[in-house]
Each structure stands twice: as structure tokens, then as C-alpha cells.
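Text of the file my_file27.txt, holding compact mmCIF, C-alpha atoms:
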```txt
# COMPACT_ATOMS: atom_id res chain seq x y z
CA MET O 1 34.03 -16.19 26.69
CA GLU O 2 35.89 -17.97 23.89
CA ALA O 3 34.34 -20.79 21.95
CA ALA O 4 36.64 -23.80 21.73
CA GLY O 5 38.79 -23.71 18.62
CA CYS O 6 37.60 -20.22 17.67
CA SER O 7 39.82 -17.96 19.73
CA GLY O 8 40.32 -15.60 16.80
CA ALA O 9 36.68 -14.54 16.99
CA GLY O 10 35.93 -15.20 20.61
CA GLU O 11 36.76 -11.88 22.27
CA ALA O 12 34.45 -8.96 21.72
CA GLY O 13 37.29 -6.44 21.96
CA ALA O 14 36.39 -2.84 21.12
CA ALA O 15 32.91 -2.02 22.27
CA SER O 16 31.05 -1.50 19.02
CA LYS O 17 28.62 -3.69 17.16
CA GLN O 18 30.40 -3.14 13.87
CA SER O 19 33.81 -4.16 15.23
CA ILE O 20 32.27 -7.42 16.47
CA ARG O 21 30.64 -8.01 13.09
CA GLU O 22 33.89 -7.36 11.22
CA ARG O 23 35.81 -9.71 13.52
CA ILE O 24 33.31 -12.55 13.03
CA TRP O 25 33.13 -12.14 9.25
CA ALA O 26 36.92 -11.99 8.91
CA TYR O 27 37.43 -15.05 11.11
CA LEU O 28 34.90 -17.17 9.23
CA GLU O 29 36.59 -16.33 5.93
CA ALA O 30 40.19 -16.74 7.18
CA SER O 31 39.51 -20.02 8.99
CA GLY O 32 37.82 -21.70 6.03
CA LEU O 33 34.50 -21.95 7.87
CA ALA O 34 32.61 -19.65 5.50
CA GLU O 35 30.18 -21.25 3.05
CA PHE O 36 28.19 -20.00 0.03
CA PRO O 37 27.21 -17.22 -0.48
CA ARG O 38 30.66 -15.66 -0.23
CA PRO O 39 32.12 -13.43 0.93
CA VAL O 40 30.12 -13.52 4.14
CA HIS O 41 30.79 -9.87 4.94
CA HIS O 42 27.62 -7.77 5.29
CA ARG O 43 25.48 -10.94 5.42
CA ILE O 44 24.03 -13.30 7.97
CA PRO O 45 26.97 -15.66 7.39
CA ASN O 46 26.56 -19.22 6.19
CA PHE O 47 29.07 -21.64 7.69
CA LYS O 48 30.25 -25.24 7.63
CA GLY O 49 28.01 -27.25 9.90
CA SER O 50 24.93 -25.03 9.49
CA HIS O 51 22.74 -27.96 8.45
CA GLN O 52 23.87 -29.94 11.50
CA ALA O 53 23.07 -26.98 13.74
CA CYS O 54 19.63 -26.66 12.13
CA GLN O 55 18.85 -30.33 12.74
CA ALA O 56 19.21 -29.74 16.47
CA ILE O 57 15.95 -27.79 16.42
CA LYS O 58 14.09 -31.12 16.11
CA GLU O 59 15.30 -31.96 19.62
CA LEU O 60 13.67 -28.88 21.13
CA GLU O 61 10.28 -29.41 22.75
CA ILE O 62 9.23 -25.93 21.66
CA PHE O 63 9.72 -26.94 18.01
CA ASN O 64 7.79 -30.17 18.36
CA ARG O 65 4.75 -28.43 19.83
CA THR O 66 4.94 -25.53 17.36
CA ARG O 67 2.24 -25.31 14.71
CA GLU O 68 3.27 -22.05 13.02
CA LEU O 69 6.75 -20.57 12.87
CA LYS O 70 8.52 -17.66 11.25
CA VAL O 71 11.98 -18.38 9.84
CA ASP O 72 14.19 -15.78 8.18
CA PRO O 73 15.23 -16.45 4.55
CA ASP O 74 18.98 -16.55 5.28
CA LYS O 75 20.99 -19.43 3.81
CA PRO O 76 22.21 -20.87 7.16
CA LEU O 77 18.55 -21.30 8.24
CA GLU O 78 17.66 -23.45 5.23
CA GLY O 79 17.77 -26.61 7.37
CA VAL O 80 15.20 -25.20 9.80
CA ARG O 81 12.86 -24.30 6.95
CA LEU O 82 13.20 -27.84 5.61
CA ALA O 83 12.55 -29.37 9.04
CA ALA O 84 9.40 -27.26 9.39
CA LEU O 85 8.09 -28.32 5.97
CA GLN O 86 8.88 -31.98 6.61
CA ALA O 87 6.97 -31.78 9.90
CA ARG O 88 4.01 -30.18 8.05
CA LYS O 89 4.14 -27.00 10.08
CA THR O 90 2.94 -23.64 8.77
CA LEU O 91 6.10 -21.88 7.59
CA LEU O 92 6.19 -18.09 7.31
CA VAL O 93 9.15 -16.26 5.77
CA PRO O 94 9.54 -12.45 5.77
CA THR O 95 9.33 -10.74 2.39
CA PRO O 96 12.70 -9.43 1.13
CA ARG O 97 13.45 -6.14 2.91
CA LEU O 98 9.73 -5.97 3.81
CA ARG O 99 9.04 -4.19 0.52
CA THR O 100 5.73 -5.90 -0.31
CA GLY O 101 4.41 -6.90 3.10
CA LEU O 102 5.57 -8.79 6.16
CA PHE O 103 5.10 -12.52 5.53
CA ASN O 104 4.91 -15.06 2.77
CA GLN O 105 3.70 -18.55 3.60
CA ILE O 106 5.62 -21.33 1.93
CA VAL O 107 3.08 -23.74 0.43
CA PRO O 108 4.56 -26.88 -1.17
CA PRO O 109 2.51 -28.43 -4.00
CA PRO O 110 0.20 -31.34 -3.09
CA GLY O 111 2.10 -34.61 -2.76
CA ALA O 112 5.46 -32.84 -2.71
CA THR O 113 8.43 -35.22 -2.72
CA LYS O 114 11.43 -34.87 -0.41
CA GLU O 115 13.29 -33.23 -3.27
CA ILE O 116 10.54 -30.67 -3.80
CA LEU O 117 10.48 -29.89 -0.07
CA ARG O 118 14.24 -29.31 -0.18
CA LYS O 119 13.70 -26.87 -3.03
CA CYS O 120 10.90 -25.12 -1.12
CA ALA O 121 13.34 -24.50 1.74
CA THR O 122 15.87 -22.73 -0.50
CA SER O 123 15.85 -19.04 -1.41
CA GLN O 124 14.56 -19.92 -4.88
CA GLY O 125 11.86 -22.11 -3.37
CA VAL O 126 10.80 -19.25 -1.12
CA LYS O 127 10.15 -17.25 -4.29
CA ASP O 128 8.48 -20.06 -6.25
CA TYR O 129 6.21 -21.54 -3.59
CA SER O 130 5.18 -18.55 -1.51
CA VAL O 131 1.77 -16.99 -0.92
CA PRO O 132 1.53 -13.44 0.52
CA ILE O 133 -0.08 -13.10 3.96
CA GLY O 134 -1.98 -9.85 4.55
CA LEU O 135 -2.15 -7.74 7.69
CA ASP O 136 -5.68 -8.91 8.40
CA ALA O 137 -4.71 -12.58 8.48
CA LYS O 138 -5.03 -14.11 11.94
CA VAL O 139 -1.37 -15.06 12.30
CA LYS O 140 -0.23 -16.63 15.57
CA VAL O 141 3.47 -17.45 15.50
CA ASP O 142 4.56 -20.09 18.03
CA LEU O 143 8.29 -19.87 17.30
CA VAL O 144 10.63 -17.30 15.73
CA VAL O 145 13.95 -18.33 14.13
CA VAL O 146 16.43 -15.61 13.17
CA GLY O 147 19.93 -15.46 11.78
CA SER O 148 22.72 -13.66 13.62
CA VAL O 149 26.24 -12.40 13.05
CA ALA O 150 27.08 -12.64 16.74
CA VAL O 151 25.26 -13.74 19.87
CA SER O 152 26.15 -14.06 23.54
CA GLU O 153 25.30 -16.88 25.91
CA LYS O 154 23.08 -14.35 27.72
CA GLY O 155 20.93 -14.14 24.61
CA TRP O 156 22.10 -10.78 23.33
CA ARG O 157 22.18 -10.64 19.55
CA ILE O 158 23.88 -8.64 16.80
CA GLY O 159 22.56 -8.86 13.24
CA LYS O 160 24.15 -7.66 10.02
CA GLY O 161 23.31 -4.04 10.83
CA GLU O 162 20.20 -3.34 8.77
CA GLY O 163 17.70 -3.96 11.56
CA TYR O 164 15.22 -6.11 9.63
CA ALA O 165 14.96 -8.95 12.18
CA ASP O 166 14.32 -6.42 14.95
CA MET O 167 11.75 -4.62 12.81
CA GLU O 168 10.01 -7.85 11.80
CA TYR O 169 9.62 -8.86 15.43
CA ALA O 170 8.30 -5.42 16.42
CA MET O 171 5.79 -5.56 13.57
CA MET O 172 4.66 -9.02 14.68
CA VAL O 173 4.07 -7.61 18.18
CA SER O 174 2.05 -4.77 16.65
CA MET O 175 -0.03 -7.29 14.68
CA GLY O 176 -0.59 -9.48 17.73
CA ALA O 177 1.24 -12.36 15.99
CA VAL O 178 3.66 -12.90 18.89
CA THR O 179 3.68 -12.33 22.65
CA GLU O 180 6.46 -11.77 25.17
CA ASP O 181 6.47 -15.54 25.74
CA THR O 182 7.06 -16.49 22.09
CA PRO O 183 10.50 -18.17 22.02
CA VAL O 184 13.24 -16.93 19.67
CA VAL O 185 15.94 -19.27 18.32
CA THR O 186 19.11 -18.44 16.40
CA ILE O 187 21.47 -20.70 14.41
CA VAL O 188 25.19 -19.82 14.43
CA HIS O 189 28.66 -21.36 14.37
CA ASP O 190 30.34 -21.79 17.74
CA CYS O 191 32.79 -19.01 16.93
CA GLN O 192 29.88 -16.57 16.62
CA VAL O 193 29.05 -17.04 20.30
CA VAL O 194 30.97 -14.20 21.96
CA ASP O 195 30.74 -11.72 24.80
CA ILE O 196 28.65 -8.68 23.90
CA PRO O 197 28.73 -5.62 26.20
CA GLU O 198 25.22 -4.85 27.38
CA GLU O 199 25.72 -1.14 26.75
CA LEU O 200 25.68 -1.87 23.01
CA LEU O 201 22.05 -2.99 23.17
CA GLY O 202 19.10 -0.72 22.50
CA ASP O 203 15.46 -1.14 23.46
CA HIS O 204 14.71 -2.14 19.87
CA ASP O 205 17.22 -5.03 19.84
CA LEU O 206 15.78 -8.54 19.71
CA THR O 207 17.16 -11.10 22.17
CA VAL O 208 17.17 -14.89 21.78
CA ASP O 209 16.14 -17.76 24.04
CA TYR O 210 18.00 -20.62 22.35
CA ILE O 211 21.29 -20.76 20.42
CA LEU O 212 21.92 -23.78 18.20
CA THR O 213 25.47 -24.45 16.97
CA PRO O 214 27.05 -27.52 15.33
CA ALA O 215 28.42 -28.54 18.76
CA ARG O 216 25.82 -27.57 21.33
CA THR O 217 22.42 -26.19 22.26
CA ILE O 218 22.41 -23.19 24.60
CA LYS O 219 19.36 -22.13 26.58
CA THR O 220 20.10 -18.50 27.39
CA ASN O 221 17.50 -17.87 30.12
CA CYS O 222 17.65 -14.28 28.87
CA LYS O 223 16.24 -11.78 31.33
CA ARG O 224 16.32 -8.78 29.03
CA LEU O 225 12.88 -7.81 27.73
CA LYS O 226 12.13 -8.17 24.04
CA PRO O 227 10.79 -5.18 22.07
CA LYS O 228 7.17 -4.46 23.00
CA GLY O 229 6.26 -3.18 19.55
CA ILE O 230 7.31 -0.62 16.98
CA ILE O 231 9.26 2.26 18.52
CA TRP O 232 7.93 5.01 16.27
CA ARG O 233 10.32 7.66 17.58
CA LYS O 234 13.11 5.65 15.94
CA ILE O 235 11.29 5.43 12.59
CA SER O 236 11.96 8.10 9.96
CA TYR O 237 9.97 9.16 6.91
CA GLU O 238 12.68 7.47 4.84
CA ILE O 239 12.00 4.13 6.53
CA LEU O 240 8.26 4.59 5.95
CA ARG O 241 8.97 5.06 2.25
CA LYS O 242 11.06 1.89 2.12
CA ILE O 243 8.63 -0.30 4.10
CA PRO O 244 5.06 0.42 2.93
CA ILE O 245 3.43 -1.94 5.45
CA LEU O 246 4.70 0.28 8.28
CA LYS O 247 2.38 3.04 7.08
CA ASN O 248 -0.64 0.82 7.58
CA LEU O 249 0.51 -0.36 10.99
CA ARG O 250 1.13 3.25 12.00
CA TYR O 251 -2.35 4.25 10.89
CA ARG O 252 -3.90 1.40 12.87
CA GLU O 253 -1.96 2.27 16.01
CA LYS O 254 -2.85 5.94 15.63
CA GLN O 255 -6.53 5.00 15.38
CA ALA O 256 -6.07 2.97 18.58
CA GLY O 257 -4.82 6.09 20.37
CA LYS O 258 -1.14 5.20 20.54
CA ASP O 259 1.71 7.71 20.19
CA VAL O 260 3.06 7.29 16.65
CA THR O 261 5.31 10.38 16.57
CA LEU O 262 8.15 9.70 14.13
CA GLN O 263 11.84 10.42 14.59
CA ASP O 264 11.61 13.36 12.18
CA GLU O 265 8.69 14.82 14.14
CA HIS O 266 10.13 14.30 17.62
CA PRO O 267 11.01 17.51 19.52
CA ASP O 268 14.36 16.03 20.59
CA PHE O 269 15.32 15.31 16.98
CA PRO O 270 17.44 18.04 15.30
CA ASN O 271 15.40 20.13 12.85
CA ALA O 272 12.31 18.06 13.61
CA SER O 273 9.47 19.03 11.32
CA ILE O 274 6.41 17.71 9.57
CA PRO O 275 6.56 17.99 5.76
CA ALA O 276 4.59 21.06 4.70
CA VAL O 277 2.15 19.11 2.53
CA LEU O 278 1.36 16.69 5.39
CA GLU O 279 0.85 19.61 7.79
CA GLU O 280 -1.44 21.38 5.34
CA THR O 281 -3.41 18.16 4.77
CA ALA O 282 -3.86 17.76 8.53
CA LYS O 283 -5.20 21.32 8.79
CA THR O 284 -7.60 20.70 5.93
CA GLU O 285 -8.82 17.45 7.50
CA ASN O 286 -9.46 19.23 10.80
CA THR O 287 -11.45 22.10 9.29
CA ARG O 288 -13.25 20.69 6.25
CA PRO O 289 -16.93 19.68 6.44
CA HIS O 290 -17.74 15.97 6.33
CA THR O 291 -18.97 16.24 2.76
CA GLY O 292 -16.88 17.55 -0.08
CA THR O 293 -13.34 16.87 -1.21
CA SER O 294 -9.97 17.37 0.49
CA PRO O 295 -7.04 16.65 -1.82
CA ALA O 296 -3.72 15.30 -0.54
CA HIS O 297 -0.96 15.60 -3.11
CA VAL O 298 0.75 12.31 -3.90
CA GLY O 299 3.93 12.82 -5.90
CA HIS O 300 2.77 14.01 -9.31
CA CYS O 301 -0.84 13.14 -8.57
CA SER O 302 -3.38 14.01 -5.89
CA ALA O 303 -5.85 12.01 -3.83
CA GLY O 304 -8.99 13.20 -2.13
CA ASN O 305 -11.71 11.67 0.03
CA ASP O 306 -15.40 12.22 -0.77
CA SER O 307 -16.49 11.08 2.66
CA LEU O 308 -20.19 10.30 1.95
CA SER O 309 -20.71 10.49 5.72
CA ALA O 310 -24.12 12.06 5.13
CA LYS O 311 -25.10 8.76 3.49
CA SER O 312 -23.38 6.49 5.98
CA ASP O 313 -26.72 4.95 6.99
CA VAL O 314 -27.64 4.08 3.42
CA PRO O 315 -27.11 0.36 2.73
CA GLY O 316 -24.40 -0.21 0.12
CA ALA O 317 -22.93 3.30 0.40
CA PHE O 318 -19.21 3.60 -0.28
CA THR O 319 -16.49 6.04 0.70
CA THR O 320 -14.67 7.14 -2.44
CA VAL O 321 -11.05 8.24 -2.76
CA TYR O 322 -10.26 10.37 -5.80
CA VAL O 323 -6.80 9.98 -7.34
CA GLY O 324 -6.01 12.66 -9.91
CA ASN O 325 -3.18 14.27 -11.90
CA LEU O 326 -1.77 10.84 -12.71
CA PRO O 327 1.38 11.08 -14.87
CA ALA O 328 0.88 10.42 -18.57
CA GLY O 329 1.48 6.78 -19.40
CA THR O 330 0.48 5.48 -15.98
CA ARG O 331 -1.18 2.07 -16.27
CA VAL O 332 -4.03 0.77 -14.16
CA SER O 333 -1.87 -2.26 -13.31
CA GLU O 334 0.70 0.06 -11.71
CA LEU O 335 -1.94 1.66 -9.49
CA LYS O 336 -3.34 -1.75 -8.55
CA SER O 337 0.15 -2.98 -7.68
CA THR O 338 0.79 0.06 -5.45
CA LEU O 339 -2.53 -0.43 -3.66
CA ARG O 340 -1.74 -4.11 -3.05
CA GLU O 341 1.68 -3.26 -1.64
CA LEU O 342 0.06 -0.75 0.72
CA HIS O 343 -2.60 -3.31 1.71
CA VAL O 344 -5.37 -0.87 0.74
CA THR O 345 -7.01 -2.67 -2.20
CA PRO O 346 -10.43 -1.04 -2.82
CA LEU O 347 -13.74 -2.81 -3.24
CA ARG O 348 -13.98 -1.22 -6.68
CA LEU O 349 -11.61 0.79 -8.88
CA ASN O 350 -13.01 3.13 -11.54
CA TRP O 351 -10.09 3.81 -13.93
CA GLN O 352 -10.25 6.91 -16.15
CA GLY O 353 -6.78 6.90 -17.66
CA ALA O 354 -7.59 9.34 -20.46
CA GLN O 355 -8.47 11.92 -17.81
CA HIS O 356 -5.41 10.95 -15.69
CA ARG O 357 -7.55 9.97 -12.73
CA ALA O 358 -9.18 7.10 -10.85
CA PHE O 359 -11.85 6.63 -8.19
CA LEU O 360 -11.38 4.05 -5.41
CA ASP O 361 -14.44 2.81 -3.51
CA TYR O 362 -13.95 1.62 0.08
CA LYS O 363 -16.44 0.09 2.50
CA ASP O 364 -16.14 2.91 5.03
CA LYS O 365 -14.34 6.12 5.95
CA VAL O 366 -11.69 4.34 8.04
CA ALA O 367 -10.60 2.18 5.08
CA ALA O 368 -10.60 5.21 2.77
CA GLU O 369 -8.48 7.30 5.14
CA SER O 370 -6.05 4.39 5.48
CA ALA O 371 -5.69 4.44 1.68
CA LEU O 372 -5.18 8.23 1.70
CA THR O 373 -2.48 7.95 4.35
CA GLY O 374 -0.69 5.13 2.54
CA LEU O 375 -0.79 6.84 -0.87
CA PHE O 376 0.43 10.10 0.61
CA LEU O 377 3.33 8.61 2.56
CA SER O 378 4.40 6.31 -0.28
CA SER O 379 5.28 9.32 -2.43
CA HIS O 380 6.88 11.57 0.21
```

Would you put the structure from the file into C-alpha cells?
Amino acid sequence: MEAAGCSGAGEAGAASKQSIRERIWAYLEASGLAEFPRPVHHRIPNFKGSHQACQAIKELEIFNRTRELKVDPDKPLEGVRLAALQARKTLLVPTPRLRTGLFNQIVPPPGATKEILRKCATSQGVKDYSVPIGLDAKVKVDLVVVGSVAVSEKGWRIGKGEGYADMEYAMMVSMGAVTEDTPVVTIVHDCQVVDIPEELLGDHDLTVDYILTPARTIKTNCKRLKPKGIIWRKISYEILRKIPILKNLRYREKQAGKDVTLQDEHPDFPNASIPAVLEETAKTENTRPHTGTSPAHVGHCSAGNDSLSAKSDVPGAFTTVYVGNLPAGTRVSELKSTLRELHVTPLRLNWQGAQHRAFLDYKDKVAAESALTGLFLSSH
């Protein structure tokens, strides 16, 4: 299929996602359709007419009945973020590269003017007016809006190649924030609507239900299933290091009895292995008595869990995690920041910097073990 007036980008050509991306990026630049930020290569591209395309979302019934929506922070989606704020909907935006969590809620100041709302919808406004949303928040997203580099009329989507939109959706499924019926919308230029061979799609790829362009609204009636959650066999230890919130979601799913075997641990993965320290920690956890201390080395420090299970029936009893061998010069603010990023903030933190250690009190063993897991994986 070729979009009218965009024949240079309309044919998918060689069957690879990257070749389609390169063709779209090059055409937008060469045709004068590309808008700030430039160049559009390696981005979700902004384009002339993006605001007009965004305005079309107001005509969708699904938008009008939406109370809470997640919109990516890309520049071409700025108009959707503004429309959501103007309609007083709850607007969630993913944190940059998921480094410090999954969502931020954009909260305009009381009595915000139209100009302030416009600022809130920009990338700078996302930084200035956002409030972090934790994993335990009862988030129910009614509508998901993502950017795309290319999309087909069947609803098949290609992003910029880093996989964040796919990962965000899978994490929302894991959290219970979306269901298989939650609609997904994308905003693109007409020349980004191209044929995409189905063989290029993986089971982790997010599909879309509506495509909004400056010229038309396309309901895809997509039959391909959306991701049903995080596909752990495609997640590596490296990804866990980059996205701390994944460690907490993995721990929760493991506690629920789900298979959370990672790519590096999978028997079909070349040289699959569990890091020696993690394996040794697992052995210790399986054999140690319920009282006592089992250290898990964390970078240049170590963490251990004094389980207090013998006192679990005592009102007010805590489970304490010991963090030791902290590098000289480490500040308590750095430890607190790490714990917040991992979503494992303790009830109480006893800081003993002179002795290069700290004690973290949690309400129960489950919370303490979640902290142990997060601290271990964040440094390996």
C-alpha cells in the first residue's frame, strides 16, 4: 500500500524492520516533512501536521469515555497530552528509559491557564509537573497512545528499535493496569503507513487499534494478539540492570508461581548460566535456618536478611536487611535514592556510615527478600 503523495516511503521493500525505519526517516527528511527535533533518524519522528493528527483523537469515542490514559513522551504526541490535560483526564507518561519506575502522572498546578497546560504537555513540562507513580498504585489505564516509526493498516507497528513501548505495555499487563481489550492508538504521518510483512513481528511486538494521521483515521480491526505480559526468556541480566523496576516485577511474578527464567538462564540460550554469586546465594537461602544471617554480595557491599521468623507473631516485629561493606564516601542519600528507584523503601533505615553499613527494617519477610533481590540484581 502506498499513502497518497508519499510514494517514496510507501513500499516496505526489503523485509527487515531496520530497512523500513531507514526508509521512513530518510523520506521525512528529504521531503521536508520532518519537524523538530532533527534529524529524525533514530527517533519517533516528529512531522508537519502532527498537531492536526493529534486533534483527531477528540473525535474518537474511546477517548471521550477515557478517564486515565498513558501517552508516550515523544514530541509528535504532544497534542494528545494537551488534549488529555484540557479534558481533565488522568495523564500518565512513562519515565525516560524506565530508569526510575514506570509512570509519572502529569499534575498541572491548581487553576492552570491554557498556556500552563501547553507547557505541561511538552517534554519540559513532563519533567516539571510530574509525580512518580509506584508499583502498588491502583492504576487502570483506559487508553494507550504510542509513537511509531512505521505502522500498517492491519495494525502492525515498528518503533525506533529500542523496544520501550513494547516493554511498557508488557509491564502494564504484569501490573494489571491494562487488559487485552485496552485500545492502543498511534499518531503518524500518512507516509509512515506502509505494508509490513507479518514475519517481521515477534510475540513481544505491540499492535495498534487506531492510526491517526493528518488526513485520516484508520480503525485497524487488528486480529493479532497483543503481548500477554513480560516475556522473561527475552530479558537479559543487562536489561534488568538498566530497568530496575523489572526486578521487582520479576520477584512478584516469581512469588506468584510464574516462570521467570531469563534469557541468560534459558537452556536454549548459548552459554546459558546463572552468575556464580546468585547461584551461591540461592543455595544458601535453601539450606540456611530461618534465623541467622545470609549475606548476598552487592557490588562492593553485601546485604543479608535477619529473618526474625521466630518472632513473626510478635506485634511490631520487623524483618531486617543488613547492608555492609559500603564503599568509603557513600552517603545515606545515595542509598535512599537506590532504594526508591528499586521501589523497596524500608519502614526504617538505621545508617551507620562510619562502620560502612546500614540496617533496613521491613514489615515482613516478603518485603525484605524483595529488597535483597533488587539490591543484588542492581549491582550485577

| field | Top pick for closest residue to O:Ala150, considering O:Thr338, O:Arg241, O:Cys191, O:Ala30 and counting all atoms listed in the file | value |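 Ranking O:Thr338, O:Arg241, O:Cys191, O:Ala30 by distance to O:Ala150, first place goes to O:Cys191.
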
| field | Atomic distance atom CA of O:Val107 - atom CA of O:Lys247, expressed in Å with one decimal | value | 27.6 Å

| Which residues, protein or nucleic acid, reach to within 9 Å of (3.8, -13.5, 18.4) in the file's coordinates when using all atoms listed in the file, and can you give that as a PyMOL selection string? | chain O and resi 139-144+169+172-173+175-183

Using only C-alpha atoms, please write the residues we just selected to a file, as a tab-separated table (two decimals), in the coordinates of the input.
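Listed below is the output, result_30.tsv:
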```tsv
chain	number	residue	atom	x	y	z
O	139	VAL	CA	-1.37	-15.06	12.30
O	140	LYS	CA	-0.23	-16.63	15.57
O	141	VAL	CA	3.47	-17.45	15.50
O	142	ASP	CA	4.56	-20.09	18.03
O	143	LEU	CA	8.29	-19.87	17.30
O	144	VAL	CA	10.63	-17.30	15.73
O	169	TYR	CA	9.62	-8.86	15.43
O	172	MET	CA	4.66	-9.02	14.68
O	173	VAL	CA	4.07	-7.61	18.18
O	175	MET	CA	-0.03	-7.29	14.68
O	176	GLY	CA	-0.59	-9.48	17.73
O	177	ALA	CA	1.24	-12.36	15.99
O	178	VAL	CA	3.66	-12.90	18.89
O	179	THR	CA	3.68	-12.33	22.65
O	180	GLU	CA	6.46	-11.77	25.17
O	181	ASP	CA	6.47	-15.54	25.74
O	182	THR	CA	7.06	-16.49	22.09
O	183	PRO	CA	10.50	-18.17	22.02
```

| Test item: residues at most 10 Å from stretch 197-209 of chain O, all atoms listed in the file, excluding those fewer than 2 positions along its chain, as a PyMOL selection string | chain O and resi 12-17+144-146+148+151-159+163+165-170+182-186+194-195+211+218-231+234

| note | Students should find that atom CA of O:Glu162 and atom CA of O:Lys242 are spaced 12.5 Å

| request: Kindly extract all protein, DNA and RNA residues lying within 8 Å of the coordinates (23.0, -17.5, 8.0) given in the file, considering only C-alpha atoms, and supply them as a list in words. | output: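 Protein, DNA and RNA residues close to (23.0, -17.5, 8.0): Arg43, Ile44, Pro45, Asn46, Phe47, Ser50, Asp74, Lys75, Pro76, Leu77, Gly147, Ser148, Val149, Ile187 and Val188 of chain O.
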
| request: Skip O:Gln355 itself and residues of its chain fewer than 6 positions away, then list as a count of residues only all residues within 10 Å of it, counting only C-alpha atoms. | output: 4

| said: Can you pull out the residues contacting O:Thr330? Cut-off 12 Å, using only C-alpha atoms, and skip same-chain residues under 5 positions away; I want them as a PyMOL selection string. | reply: chain O and resi 300-301+324-325+335-338+351-358

| said: Rounded to one decimal, what separation in Å do you get between atom CA of O:Asp259 and atom CA of O:Val344? | reply: 22.4 Å

| query | With only C-alpha atoms as the basis for distance, which of O:Pro73, O:Gly49, O:Pro346, O:Phe318 is at the shortest distance from O:Gly32? | reply |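 Under the stated criterion, the closest residue is O:Gly49.
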
| Shortest interatomic distance to O:Tyr237 - which of O:Thr345, O:Thr100, O:Gln105, O:Gln263, counting all atoms listed in the file |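 Ranking O:Thr345, O:Thr100, O:Gln105, O:Gln263 by distance to O:Tyr237, first place goes to O:Gln263.
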
| said: Measuring between only C-alpha atoms, which one of O:Arg97, O:Asp72, O:Leu212, O:Arg250 shows the shortest distance to O:Glu59? | reply: O:Leu212

| query | Counting all atoms listed in the file, which of O:Thr90, O:Phe63, O:Asp136, O:Lys160 gets nearest to O:Glu22? | reply |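 Looking only at the distances to O:Glu22, the closest residue turns out to be O:Lys160.
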
| Within 12 Å of O:Glu115, counting all atoms listed in the file, which residues qualify if same-chain residues fewer than 4 places away don't, as a PyMOL selection string? | chain O and resi 82+85-86+108-109+111+119-122+125

Have stretch 37-43 of chain O completed to all heavy atoms, please, and pass it along as a compact mmCIF listing (two decimals), in the frame of the given file.
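Final file, selection27.txt:
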```
# COMPACT_ATOMS: atom_id res chain seq x y z
N PRO O 37 26.60 -18.18 0.44
CA PRO O 37 27.21 -17.22 -0.48
C PRO O 37 28.41 -16.51 0.15
O PRO O 37 28.38 -16.16 1.33
CB PRO O 37 26.08 -16.25 -0.77
CG PRO O 37 25.20 -16.30 0.45
CD PRO O 37 25.31 -17.70 0.98
N ARG O 38 29.42 -16.30 -0.67
CA ARG O 38 30.66 -15.66 -0.23
C ARG O 38 30.84 -14.34 -0.99
O ARG O 38 30.37 -14.20 -2.10
CB ARG O 38 31.86 -16.58 -0.55
CG ARG O 38 31.75 -17.98 0.05
CD ARG O 38 32.33 -18.09 1.42
NE ARG O 38 33.72 -17.69 1.49
CZ ARG O 38 34.75 -18.52 1.21
NH1 ARG O 38 34.51 -19.77 0.85
NH2 ARG O 38 35.99 -18.08 1.32
N PRO O 39 31.64 -13.42 -0.44
CA PRO O 39 32.12 -13.43 0.93
C PRO O 39 30.97 -13.23 1.91
O PRO O 39 29.91 -12.72 1.53
CB PRO O 39 33.10 -12.27 0.97
CG PRO O 39 32.60 -11.31 -0.07
CD PRO O 39 32.04 -12.17 -1.16
N VAL O 40 31.20 -13.60 3.16
CA VAL O 40 30.12 -13.52 4.14
C VAL O 40 29.96 -12.13 4.73
O VAL O 40 29.00 -11.87 5.46
CB VAL O 40 30.34 -14.54 5.28
CG1 VAL O 40 30.27 -15.96 4.77
CG2 VAL O 40 31.67 -14.29 6.00
N HIS O 41 30.89 -11.24 4.42
CA HIS O 41 30.79 -9.87 4.94
C HIS O 41 29.46 -9.23 4.53
O HIS O 41 28.98 -9.40 3.41
CB HIS O 41 31.95 -9.01 4.42
CG HIS O 41 33.28 -9.43 4.96
ND1 HIS O 41 33.95 -10.54 4.49
CD2 HIS O 41 34.05 -8.91 5.94
CE1 HIS O 41 35.10 -10.67 5.16
NE2 HIS O 41 35.18 -9.69 6.04
N HIS O 42 28.87 -8.50 5.49
CA HIS O 42 27.62 -7.77 5.29
C HIS O 42 26.43 -8.71 5.06
O HIS O 42 25.41 -8.30 4.51
CB HIS O 42 27.74 -6.76 4.14
CG HIS O 42 28.95 -5.89 4.26
ND1 HIS O 42 29.09 -4.96 5.27
CD2 HIS O 42 30.10 -5.83 3.53
CE1 HIS O 42 30.26 -4.36 5.15
NE2 HIS O 42 30.90 -4.87 4.11
N ARG O 43 26.57 -9.97 5.49
CA ARG O 43 25.48 -10.94 5.42
C ARG O 43 25.28 -11.58 6.78
O ARG O 43 26.13 -11.48 7.67
CB ARG O 43 25.80 -12.07 4.43
CG ARG O 43 26.17 -11.67 3.02
CD ARG O 43 26.47 -12.94 2.23
NE ARG O 43 27.09 -12.68 0.93
CZ ARG O 43 26.43 -12.46 -0.19
NH1 ARG O 43 25.10 -12.49 -0.17
NH2 ARG O 43 27.06 -12.22 -1.32
```
